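Enquirer: my_file15.pdb (PDB, C-alpha atoms) pasted underneath:
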ATOM      1  CA  MET E 821      16.036 -14.101 -54.267
ATOM      2  CA  ARG E 822      14.252 -11.252 -55.895
ATOM      3  CA  LEU E 823      11.130 -13.376 -56.422
ATOM      4  CA  ASN E 824      11.226 -14.593 -52.828
ATOM      5  CA  HIS E 825      11.697 -11.054 -51.575
ATOM      6  CA  LEU E 826       8.768  -9.827 -53.670
ATOM      7  CA  CYS E 827       6.565 -12.639 -52.348
ATOM      8  CA  GLY E 828       7.550 -11.735 -48.792
ATOM      9  CA  VAL E 829       6.683  -8.096 -49.330
ATOM     10  CA  LEU E 830       3.339  -8.967 -50.899
ATOM     11  CA  CYS E 831       2.513 -11.387 -48.084
ATOM     12  CA  GLY E 832       3.374  -8.723 -45.554
ATOM     13  CA  LEU E 833       1.116  -6.207 -47.257
ATOM     14  CA  VAL E 834      -1.714  -8.718 -47.315
ATOM     15  CA  VAL E 835      -1.314  -9.408 -43.596
ATOM     16  CA  LEU E 836      -1.219  -5.689 -42.783
ATOM     17  CA  GLY E 837      -4.271  -5.189 -44.954
ATOM     18  CA  LEU E 838      -6.164  -7.898 -43.132
ATOM     19  CA  VAL E 839      -5.192  -6.409 -39.763
ATOM     20  CA  GLY E 840      -6.397  -3.010 -40.947
ATOM     21  CA  VAL E 841      -9.715  -4.449 -42.095
ATOM     22  CA  THR E 842     -10.146  -6.270 -38.776
ATOM     23  CA  ARG E 843      -9.504  -3.103 -36.808
ATOM     24  CA  ALA E 844     -11.866  -1.128 -39.021
ATOM     25  CA  GLN E 845     -14.610  -3.689 -38.442
ATOM     26  CA  ASP E 846     -14.098  -3.756 -34.663
ATOM     27  CA  LYS E 847     -16.428  -1.094 -33.311
ATOM     28  CA  LEU E 848     -15.159  -1.584 -29.744
ATOM     29  CA  PRO E 849     -11.396  -2.017 -30.170
ATOM     30  CA  SER E 850     -10.558  -1.117 -26.557
ATOM     31  CA  TRP E 851     -12.745  -3.942 -25.244
ATOM     32  CA  ASN E 852     -11.423  -7.451 -24.725
ATOM     33  CA  ASP E 853     -13.398 -10.185 -26.460
ATOM     34  CA  GLY E 854     -15.296 -11.244 -23.357
ATOM     35  CA  ALA E 855     -18.901 -11.563 -22.236
ATOM     36  CA  ALA E 856     -19.460  -7.813 -21.834
ATOM     37  CA  LYS E 857     -18.358  -6.902 -25.361
ATOM     38  CA  LYS E 858     -20.292  -9.811 -26.867
ATOM     39  CA  ALA E 859     -23.418  -8.790 -24.949
ATOM     40  CA  ILE E 860     -23.240  -5.217 -26.256
ATOM     41  CA  ILE E 861     -22.792  -6.247 -29.888
ATOM     42  CA  ALA E 862     -25.442  -8.973 -29.721
ATOM     43  CA  TYR E 863     -27.907  -6.543 -28.142
ATOM     44  CA  VAL E 864     -27.355  -3.786 -30.715
ATOM     45  CA  GLU E 865     -27.563  -6.200 -33.651
ATOM     46  CA  ASN E 866     -30.734  -7.746 -32.236
ATOM     47  CA  VAL E 867     -32.719  -4.568 -31.536
ATOM     48  CA  THR E 868     -31.702  -2.824 -34.781
ATOM     49  CA  ARG E 869     -32.569  -5.742 -37.103
ATOM     50  CA  GLU E 870     -36.005  -5.045 -38.556
ATOM     51  CA  ASN E 871     -37.096  -8.679 -38.716
ATOM     52  CA  SER E 872     -36.182  -9.223 -35.058
ATOM     53  CA  THR E 873     -39.024  -9.815 -32.611
ATOM     54  CA  GLU E 874     -37.264  -7.359 -30.293
ATOM     55  CA  PHE E 875     -36.679  -4.648 -32.897
ATOM     56  CA  ILE E 876     -36.710  -1.135 -31.406
ATOM     57  CA  PRO E 877     -37.687   1.804 -33.642
ATOM     58  CA  VAL E 878     -35.086   4.557 -33.883
ATOM     59  CA  ASP E 879     -37.171   7.098 -31.967
ATOM     60  CA  GLN E 880     -37.278   4.736 -28.977
ATOM     61  CA  ARG E 881     -33.553   3.958 -28.857
ATOM     62  CA  ILE E 882     -32.715   5.885 -25.702
ATOM     63  CA  ALA E 883     -29.519   5.051 -23.803
ATOM     64  CA  THR E 884     -28.683   6.703 -20.477
ATOM     65  CA  PHE E 885     -25.250   6.925 -18.870
ATOM     66  CA  ASP E 886     -24.215   7.915 -15.397
ATOM     67  CA  ASN E 887     -21.148  10.167 -15.543
ATOM     68  CA  ASP E 888     -18.933   9.903 -12.447
ATOM     69  CA  GLY E 889     -17.295   6.484 -12.378
ATOM     70  CA  THR E 890     -19.107   5.386 -15.543
ATOM     71  CA  LEU E 891     -17.743   7.747 -18.187
ATOM     72  CA  TRP E 892     -14.829   9.286 -16.301
ATOM     73  CA  CYS E 893     -12.773   8.860 -13.147
ATOM     74  CA  GLU E 894     -14.523   9.703  -9.861
ATOM     75  CA  GLN E 895     -11.736   8.992  -7.335
ATOM     76  CA  PRO E 896     -10.257  10.273  -5.050
ATOM     77  CA  MET E 897     -13.198  12.700  -5.012
ATOM     78  CA  TYR E 898     -15.943  13.724  -7.397
ATOM     79  CA  THR E 899     -14.588  16.183  -9.956
ATOM     80  CA  GLN E 900     -17.259  18.725  -9.144
ATOM     81  CA  LEU E 901     -16.193  18.676  -5.502
ATOM     82  CA  ALA E 902     -12.597  19.355  -6.607
ATOM     83  CA  PHE E 903     -13.977  22.295  -8.594
ATOM     84  CA  ALA E 904     -15.837  23.574  -5.521
ATOM     85  CA  LEU E 905     -12.728  23.294  -3.327
ATOM     86  CA  ASP E 906     -10.688  25.286  -5.820
ATOM     87  CA  ARG E 907     -13.453  27.873  -5.903
ATOM     88  CA  VAL E 908     -13.274  28.232  -2.091
ATOM     89  CA  LYS E 909      -9.579  29.091  -2.320
ATOM     90  CA  GLU E 910     -10.222  31.537  -5.152
ATOM     91  CA  MET E 911     -13.130  33.245  -3.390
ATOM     92  CA  ALA E 912     -11.565  33.340   0.096
ATOM     93  CA  PRO E 913     -10.169  36.913  -0.179
ATOM     94  CA  GLN E 914     -13.731  38.185  -0.652
ATOM     95  CA  HIS E 915     -14.937  36.202   2.386
ATOM     96  CA  PRO E 916     -12.700  36.902   5.405
ATOM     97  CA  GLU E 917     -15.373  35.359   7.644
ATOM     98  CA  TRP E 918     -14.513  31.941   6.212
ATOM     99  CA  LYS E 919     -11.324  31.879   8.301
ATOM    100  CA  GLU E 920     -13.475  31.234  11.368
ATOM    101  CA  LYS E 921     -16.424  29.446   9.784
ATOM    102  CA  GLU E 922     -16.634  25.737   9.071
ATOM    103  CA  PRO E 923     -16.317  23.920   6.760
ATOM    104  CA  PHE E 924     -14.415  26.735   5.054
ATOM    105  CA  ALA E 925     -11.890  27.273   7.856
ATOM    106  CA  SER E 926     -10.684  23.677   7.644
ATOM    107  CA  LEU E 927     -10.524  23.839   3.849
ATOM    108  CA  LEU E 928      -8.375  26.951   3.907
ATOM    109  CA  LYS E 929      -6.011  25.186   6.324
ATOM    110  CA  GLY E 930      -5.736  22.248   3.935
ATOM    111  CA  ASP E 931      -7.709  19.940   6.216
ATOM    112  CA  LEU E 932     -10.088  18.313   3.722
ATOM    113  CA  LYS E 933     -11.024  15.484   6.070
ATOM    114  CA  GLY E 934     -12.007  17.945   8.796
ATOM    115  CA  ALA E 935     -13.977  20.071   6.345
ATOM    116  CA  LEU E 936     -15.987  17.098   5.117
ATOM    117  CA  ALA E 937     -16.546  15.697   8.611
ATOM    118  CA  GLY E 938     -19.889  17.499   8.555
ATOM    119  CA  GLY E 939     -21.092  15.106   5.839
ATOM    120  CA  GLU E 940     -23.749  16.123   3.331
ATOM    121  CA  LYS E 941     -24.488  19.364   5.189
ATOM    122  CA  ALA E 942     -20.872  20.515   4.858
ATOM    123  CA  ILE E 943     -20.731  19.562   1.190
ATOM    124  CA  ALA E 944     -23.999  21.389   0.545
ATOM    125  CA  GLU E 945     -22.602  24.525   2.184
ATOM    126  CA  ILE E 946     -19.468  24.381   0.058
ATOM    127  CA  VAL E 947     -21.420  23.834  -3.149
ATOM    128  CA  MET E 948     -23.951  26.574  -2.467
ATOM    129  CA  ALA E 949     -21.269  29.098  -1.569
ATOM    130  CA  THR E 950     -19.252  28.370  -4.705
ATOM    131  CA  HIS E 951     -21.983  27.656  -7.246
ATOM    132  CA  ALA E 952     -24.579  30.362  -6.518
ATOM    133  CA  GLY E 953     -24.792  34.150  -6.611
ATOM    134  CA  MET E 954     -23.913  34.578 -10.281
ATOM    135  CA  THR E 955     -25.783  34.322 -13.570
ATOM    136  CA  THR E 956     -25.942  31.049 -15.450
ATOM    137  CA  THR E 957     -23.758  32.567 -18.174
ATOM    138  CA  GLN E 958     -21.109  33.593 -15.647
ATOM    139  CA  PHE E 959     -21.144  30.159 -14.050
ATOM    140  CA  GLU E 960     -20.764  28.476 -17.428
ATOM    141  CA  GLN E 961     -17.638  30.505 -18.140
ATOM    142  CA  ILE E 962     -16.199  29.747 -14.681
ATOM    143  CA  VAL E 963     -16.649  26.026 -15.336
ATOM    144  CA  LYS E 964     -15.092  26.274 -18.803
ATOM    145  CA  ASP E 965     -12.058  28.124 -17.454
ATOM    146  CA  TRP E 966     -11.542  25.596 -14.647
ATOM    147  CA  ILE E 967     -12.047  22.432 -16.707
ATOM    148  CA  ALA E 968      -9.545  23.735 -19.281
ATOM    149  CA  THR E 969      -6.671  23.827 -16.767
ATOM    150  CA  ALA E 970      -7.485  21.628 -13.737
ATOM    151  CA  LYS E 971      -5.664  18.300 -13.518
ATOM    152  CA  HIS E 972      -6.353  15.021 -11.787
ATOM    153  CA  PRO E 973      -4.141  14.650  -8.676
ATOM    154  CA  LYS E 974      -3.071  11.073  -9.441
ATOM    155  CA  PHE E 975      -2.819  11.002 -13.222
ATOM    156  CA  ASN E 976      -1.612  14.607 -13.654
ATOM    157  CA  ARG E 977      -3.705  15.128 -16.753
ATOM    158  CA  PRO E 978      -6.824  17.221 -17.401
ATOM    159  CA  TYR E 979      -9.984  15.712 -15.957
ATOM    160  CA  THR E 980     -11.413  15.616 -19.462
ATOM    161  CA  GLU E 981      -8.599  13.219 -20.393
ATOM    162  CA  CYS E 982      -9.517  10.929 -17.501
ATOM    163  CA  VAL E 983     -12.460   9.639 -19.527
ATOM    164  CA  TYR E 984     -12.792   5.954 -20.318
ATOM    165  CA  GLN E 985     -11.845   5.086 -23.885
ATOM    166  CA  PRO E 986     -14.010   1.921 -23.960
ATOM    167  CA  MET E 987     -17.062   3.982 -22.985
ATOM    168  CA  LEU E 988     -16.294   6.628 -25.625
ATOM    169  CA  GLU E 989     -16.288   3.825 -28.183
ATOM    170  CA  LEU E 990     -19.559   2.501 -26.786
ATOM    171  CA  LEU E 991     -21.201   5.932 -27.094
ATOM    172  CA  THR E 992     -20.041   6.182 -30.716
ATOM    173  CA  TYR E 993     -21.165   2.640 -31.515
ATOM    174  CA  LEU E 994     -24.638   3.214 -30.101
ATOM    175  CA  ARG E 995     -25.095   6.510 -31.924
ATOM    176  CA  ALA E 996     -23.964   4.894 -35.179
ATOM    177  CA  ASN E 997     -26.853   2.469 -34.707
ATOM    178  CA  GLY E 998     -29.538   5.077 -34.165
ATOM    179  CA  PHE E 999     -29.382   5.442 -30.377
ATOM    180  CA  LYS E1000     -29.708   8.794 -28.683
ATOM    181  CA  THR E1001     -27.284   8.983 -25.753
ATOM    182  CA  PHE E1002     -28.005  10.907 -22.551
ATOM    183  CA  ILE E1003     -26.057  11.609 -19.385
ATOM    184  CA  VAL E1004     -28.112  11.067 -16.230
ATOM    185  CA  SER E1005     -25.877  12.017 -13.322
ATOM    186  CA  GLY E1006     -25.991  13.094  -9.705
ATOM    187  CA  GLY E1007     -23.547  15.839 -10.701
ATOM    188  CA  GLY E1008     -24.684  19.381 -11.343
ATOM    189  CA  ILE E1009     -26.444  19.787 -14.667
ATOM    190  CA  GLU E1010     -24.845  23.190 -15.308
ATOM    191  CA  PHE E1011     -21.424  21.933 -14.244
ATOM    192  CA  MET E1012     -21.536  19.212 -16.936
ATOM    193  CA  ARG E1013     -23.235  20.954 -19.834
ATOM    194  CA  PRO E1014     -20.355  23.320 -20.772
ATOM    195  CA  TRP E1015     -18.034  20.432 -21.761
ATOM    196  CA  THR E1016     -19.986  17.194 -22.388
ATOM    197  CA  GLU E1017     -20.470  17.787 -26.113
ATOM    198  CA  LYS E1018     -16.759  18.271 -26.734
ATOM    199  CA  VAL E1019     -15.723  15.340 -24.538
ATOM    200  CA  TYR E1020     -18.523  12.793 -25.116
ATOM    201  CA  GLY E1021     -20.412  14.057 -28.142
ATOM    202  CA  ILE E1022     -23.446  14.573 -25.902
ATOM    203  CA  PRO E1023     -25.030  18.029 -26.367
ATOM    204  CA  PRO E1024     -26.225  20.052 -23.342
ATOM    205  CA  GLU E1025     -29.890  19.315 -23.992
ATOM    206  CA  GLN E1026     -29.137  15.617 -23.493
ATOM    207  CA  VAL E1027     -27.640  16.096 -20.028
ATOM    208  CA  VAL E1028     -29.765  15.405 -16.944
ATOM    209  CA  GLY E1029     -28.353  16.265 -13.519
ATOM    210  CA  SER E1030     -28.875  17.814 -10.118
ATOM    211  CA  SER E1031     -29.705  21.503  -9.996
ATOM    212  CA  ILE E1032     -30.091  24.549  -7.793
ATOM    213  CA  LYS E1033     -32.878  27.060  -8.190
ATOM    214  CA  THR E1034     -32.603  29.960 -10.608
ATOM    215  CA  LYS E1035     -34.637  33.113 -11.082
ATOM    216  CA  PHE E1036     -35.191  35.542 -13.932
ATOM    217  CA  GLU E1037     -33.909  39.098 -13.474
ATOM    218  CA  MET E1038     -33.237  42.213 -15.528
ATOM    219  CA  ARG E1039     -29.670  43.439 -15.059
ATOM    220  CA  ASP E1040     -28.455  46.533 -16.885
ATOM    221  CA  GLY E1041     -31.479  46.265 -19.116
ATOM    222  CA  LYS E1042     -30.732  42.661 -20.071
ATOM    223  CA  PRO E1043     -32.544  39.479 -19.045
ATOM    224  CA  VAL E1044     -30.469  36.988 -17.045
ATOM    225  CA  LEU E1045     -30.978  33.854 -14.986
ATOM    226  CA  VAL E1046     -29.458  34.083 -11.504
ATOM    227  CA  ARG E1047     -28.327  31.006  -9.601
ATOM    228  CA  LEU E1048     -29.751  30.891  -6.067
ATOM    229  CA  PRO E1049     -28.286  29.147  -2.978
ATOM    230  CA  GLN E1050     -31.242  26.762  -2.851
ATOM    231  CA  LEU E1051     -31.354  23.136  -3.911
ATOM    232  CA  ASP E1052     -33.883  22.394  -6.634
ATOM    233  CA  PHE E1053     -33.471  18.727  -7.611
ATOM    234  CA  VAL E1054     -31.123  15.848  -6.769
ATOM    235  CA  ASP E1055     -30.666  13.515  -9.715
ATOM    236  CA  ASP E1056     -29.410  10.497  -7.796
ATOM    237  CA  LYS E1057     -30.849   7.116  -6.759
ATOM    238  CA  ASP E1058     -34.652   7.308  -7.013
ATOM    239  CA  GLY E1059     -34.263  10.801  -8.438
ATOM    240  CA  LYS E1060     -32.780   9.411 -11.654
ATOM    241  CA  PRO E1061     -36.000   7.875 -13.042
ATOM    242  CA  VAL E1062     -37.771  11.115 -12.061
ATOM    243  CA  GLY E1063     -35.143  13.160 -13.913
ATOM    244  CA  ILE E1064     -35.384  10.887 -16.945
ATOM    245  CA  ASN E1065     -39.141  11.270 -17.047
ATOM    246  CA  SER E1066     -38.957  15.064 -16.632
ATOM    247  CA  HIS E1067     -36.132  15.792 -19.077
ATOM    248  CA  ILE E1068     -36.298  12.979 -21.630
ATOM    249  CA  GLY E1069     -39.939  11.892 -21.636
ATOM    250  CA  ARG E1070     -39.122   8.321 -22.704
ATOM    251  CA  ARG E1071     -37.877   5.329 -20.763
ATOM    252  CA  PRO E1072     -34.384   4.184 -21.692
ATOM    253  CA  VAL E1073     -33.913   0.848 -23.438
ATOM    254  CA  ALA E1074     -30.279   0.740 -22.289
ATOM    255  CA  ALA E1075     -28.743   2.099 -19.086
ATOM    256  CA  PHE E1076     -25.172   2.216 -17.824
ATOM    257  CA  GLY E1077     -23.933   2.985 -14.317
ATOM    258  CA  ASN E1078     -21.344   1.968 -11.744
ATOM    259  CA  SER E1079     -22.764   2.367  -8.252
ATOM    260  CA  ASP E1080     -25.689   2.127  -5.861
ATOM    261  CA  GLY E1081     -26.748   5.585  -7.021
ATOM    262  CA  ASP E1082     -27.596   4.109 -10.433
ATOM    263  CA  ARG E1083     -29.647   1.196  -9.150
ATOM    264  CA  GLN E1084     -33.078   2.731  -9.691
ATOM    265  CA  MET E1085     -32.164   3.916 -13.195
ATOM    266  CA  LEU E1086     -31.289   0.349 -14.186
ATOM    267  CA  GLU E1087     -34.417  -1.029 -12.498
ATOM    268  CA  TRP E1088     -36.556   1.548 -14.331
ATOM    269  CA  THR E1089     -34.971   0.565 -17.630
ATOM    270  CA  ASP E1090     -35.201  -3.171 -16.956
ATOM    271  CA  ALA E1091     -38.927  -2.997 -16.234
ATOM    272  CA  SER E1092     -39.757  -1.066 -19.386
ATOM    273  CA  GLY E1093     -39.862  -3.937 -21.854
ATOM    274  CA  PRO E1094     -38.835  -7.476 -22.825
ATOM    275  CA  LYS E1095     -35.507  -8.670 -21.399
ATOM    276  CA  GLY E1096     -33.916  -9.148 -24.799
ATOM    277  CA  ALA E1097     -34.791  -5.597 -25.786
ATOM    278  CA  ARG E1098     -33.136  -4.023 -22.741
ATOM    279  CA  LEU E1099     -29.478  -3.721 -21.773
ATOM    280  CA  MET E1100     -28.345  -2.873 -18.248
ATOM    281  CA  MET E1101     -24.622  -2.633 -17.435
ATOM    282  CA  LEU E1102     -22.512  -1.649 -14.428
ATOM    283  CA  VAL E1103     -18.827  -0.698 -14.508
ATOM    284  CA  HIS E1104     -16.931  -2.399 -11.673
ATOM    285  CA  HIS E1105     -13.733  -0.640 -10.613
ATOM    286  CA  ASP E1106     -11.379  -3.539  -9.937
ATOM    287  CA  ASP E1107      -8.167  -2.291 -11.536
ATOM    288  CA  ALA E1108      -5.862  -0.754  -8.939
ATOM    289  CA  ASP E1109      -2.903  -0.797 -11.333
ATOM    290  CA  ARG E1110      -4.408   1.262 -14.142
ATOM    291  CA  GLU E1111      -7.038   3.249 -12.213
ATOM    292  CA  TYR E1112      -8.599   2.349  -8.831
ATOM    293  CA  ALA E1113     -10.116  -0.688  -7.129
ATOM    294  CA  TYR E1114     -13.108  -0.002  -4.878
ATOM    295  CA  GLY E1115     -16.618  -1.218  -4.186
ATOM    296  CA  ALA E1116     -18.770  -1.871  -1.147
ATOM    297  CA  GLU E1117     -16.538  -0.031   1.355
ATOM    298  CA  SER E1118     -16.030   3.113  -0.709
ATOM    299  CA  HIS E1119     -17.860   6.334   0.176
ATOM    300  CA  ILE E1120     -17.506   7.409  -3.465
ATOM    301  CA  GLY E1121     -19.092   5.247  -6.128
ATOM    302  CA  THR E1122     -20.253   2.615  -3.645
ATOM    303  CA  PHE E1123     -20.873  -0.730  -5.358
ATOM    304  CA  SER E1124     -22.556  -2.695  -2.584
ATOM    305  CA  ASP E1125     -22.858  -6.463  -2.280
ATOM    306  CA  ALA E1126     -26.624  -5.989  -2.555
ATOM    307  CA  LEU E1127     -26.223  -4.281  -5.934
ATOM    308  CA  MET E1128     -23.923  -7.041  -7.159
ATOM    309  CA  LYS E1129     -26.510  -9.633  -6.116
ATOM    310  CA  GLU E1130     -29.321  -7.758  -7.856
ATOM    311  CA  ALA E1131     -27.209  -7.485 -11.006
ATOM    312  CA  ASN E1132     -26.526 -11.223 -10.996
ATOM    313  CA  ASP E1133     -30.153 -12.110 -10.219
ATOM    314  CA  SER E1134     -31.524  -9.725 -12.846
ATOM    315  CA  GLY E1135     -29.122 -10.618 -15.639
ATOM    316  CA  TRP E1136     -27.440  -7.208 -15.705
ATOM    317  CA  ILE E1137     -23.921  -7.233 -17.129
ATOM    318  CA  VAL E1138     -21.110  -6.261 -14.739
ATOM    319  CA  ILE E1139     -18.142  -4.831 -16.650
ATOM    320  CA  SER E1140     -14.793  -5.695 -15.102
ATOM    321  CA  MET E1141     -12.478  -2.778 -15.755
ATOM    322  CA  LYS E1142      -9.517  -5.107 -15.230
ATOM    323  CA  ASN E1143     -10.667  -7.943 -17.480
ATOM    324  CA  ASP E1144     -12.972  -6.326 -20.046
ATOM    325  CA  TRP E1145     -10.987  -3.225 -20.986
ATOM    326  CA  LYS E1146      -7.738  -3.324 -22.961
ATOM    327  CA  ARG E1147      -7.038   0.230 -21.927
ATOM    328  CA  ILE E1148      -8.620   2.765 -19.605
ATOM    329  CA  PHE E1149      -7.838   6.243 -20.932
ATOM    330  CA  PRO E1150      -7.608   7.426 -24.555
ATOM    331  CA  ASP E1151      -3.827   7.902 -24.569
ATOM    332  CA  GLN E1152      -2.893   4.556 -23.016
TER
END
Taking this structure as input, can you express it in the form of structure tokens?
Expert:
Amino acid sequence: MRLNHLCGVLCGLVVLGLVGVTRAQDKLPSWNDGAAKKAIIAYVENVTRENSTEFIPVDQRIATFDNDGTLWCEQPMYTQLAFALDRVKEMAPQHPEWKEKEPFASLLKGDLKGALAGGEKAIAEIVMATHAGMTTTQFEQIVKDWIATAKHPKFNRPYTECVYQPMLELLTYLRANGFKTFIVSGGGIEFMRPWTEKVYGIPPEQVVGSSIKTKFEMRDGKPVLVRLPQLDFVDDKDGKPVGINSHIGRRPVAAFGNSDGDRQMLEWTDASGPKGARLMMLVHHDDADREYAYGAESHIGTFSDALMKEANDSGWIVISMKNDWKRIFPDQ
């Protein structure tokens, strides 16, 4: 009995050891063993092997990631818009005229649909009123304070915990293999930079986004940059390759997105070299149980039928959130 018991214990330890080794070797443990995971690993092994015909030198290993809907949750509204709406409520006492002025009047009455009925013009007004008029340092602190306490309305957790665990693992895996990872997002560059390094391991200088104009001033004898209520650059759709060229100076060899707004970034990446040396991937939100399911009909993160066709025709990999990811968020 004692010998049998000892053998059982030893066998159990061996099995646990093997499981531990397997997990340690799996660089993408939150990914199911499907086509998407295999494509990522095969690509990285191919372009980092020096005797490969598609070897990419380390200084050229640039990977770009959209943020909203690609790295973190973007429904039921973009996080930056939620930030702007909270700012309207906070700033309202200093702006009594907002009670009679749209889109602010509707917002203060809790009528979000009515406030956004004005489309892009209304959103622009909200963003300019809440994002301008202060120094860049002041705005950075406002963002830090908000992101530290604000919670997602559905998941009731901080927005920074509504990030996708499989994509965090992908970022780590790429960096471990010599890739430099960048965010290229339609979101505000100075809204993202205060927290991306802590959340994604991506420092502020590797964040590309939309921006408003700033100007240099001397205030109380000190130099500051003041944020102006004027749009400077929109880093979305055809603006993404322009932003990449301006901020990064190299074409990506891998690009990751989730919507029509990322189409040109993937096309720009795809056309930059041999097929086997490029990786283009799109996250498809098809998991209503664990997150959201949306696509062509959604006004946020639209994934049109035309984009799906281009992905299939071009050999881009479409990641099924439902089928390719074992879990969505880090704590699941």
Enquirer: Of the candidates E:Met948, E:Ile962, E:Lys1000, E:Asp1055, which one gets nearest to E:Gln880 if we count all atoms listed in the file?
Expert: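 The answer is E:Lys1000, which sits nearest to E:Gln880.
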Enquirer: If we count all atoms listed in the file and set the cut-off at 8 Å, which residues sit around E:Val1046, ignoring sequence neighbours fewer than 6 positions away in its own chain? Please answer as a PyMOL selection string.
Expert: chain E and resi 952-956+1034-1037
Enquirer: Using all atoms listed in the file, which of E:Lys929, E:Glu945, E:Gly1077, E:Asp846 sits nearest E:Lys858?
Expert: E:Asp846
Enquirer: List the residues selected by the PyMOL selection byres ((chain E and resi 964) around 12) in the file shown, writing them as a list in words.
Expert: Phe903, Thr957, Gln958, Phe959, Glu960, Gln961, Ile962, Val963, Asp965, Trp966, Ile967, Ala968, Thr969, Ala970, Thr980, Glu1010, Phe1011, Met1012, Arg1013, Pro1014, Trp1015, Thr1016 and Lys1018 of chain E
Enquirer: Of the candidates E:Gln1152, E:Ser1124, E:Asn1065, E:Thr884, which one gets nearest to E:Leu990 if we count all atoms listed in the file?
Expert: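 Smallest distance to E:Leu990 is found for E:Thr884.
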Enquirer: I'd like to know which of E:Phe1053, E:Trp851, E:Phe1076, E:Trp1145 is closest to E:Ala883, using only C-alpha atoms.
Expert: E:Phe1076
Enquirer: On this structure, which residues satisfy the PyMOL selection byres ((chain E and resi 891) around 7), written as an MDAnalysis selection string?
Expert: chainID E and resid 887:890 892 983:984 987
Enquirer: Evaluate the PyMOL selection byres ((chain E and resi 1146) around 9) against this structure - the residues, as a ChimeraX atom specification, please.
Expert: /E:849-852,986,1141-1145,1147-1148
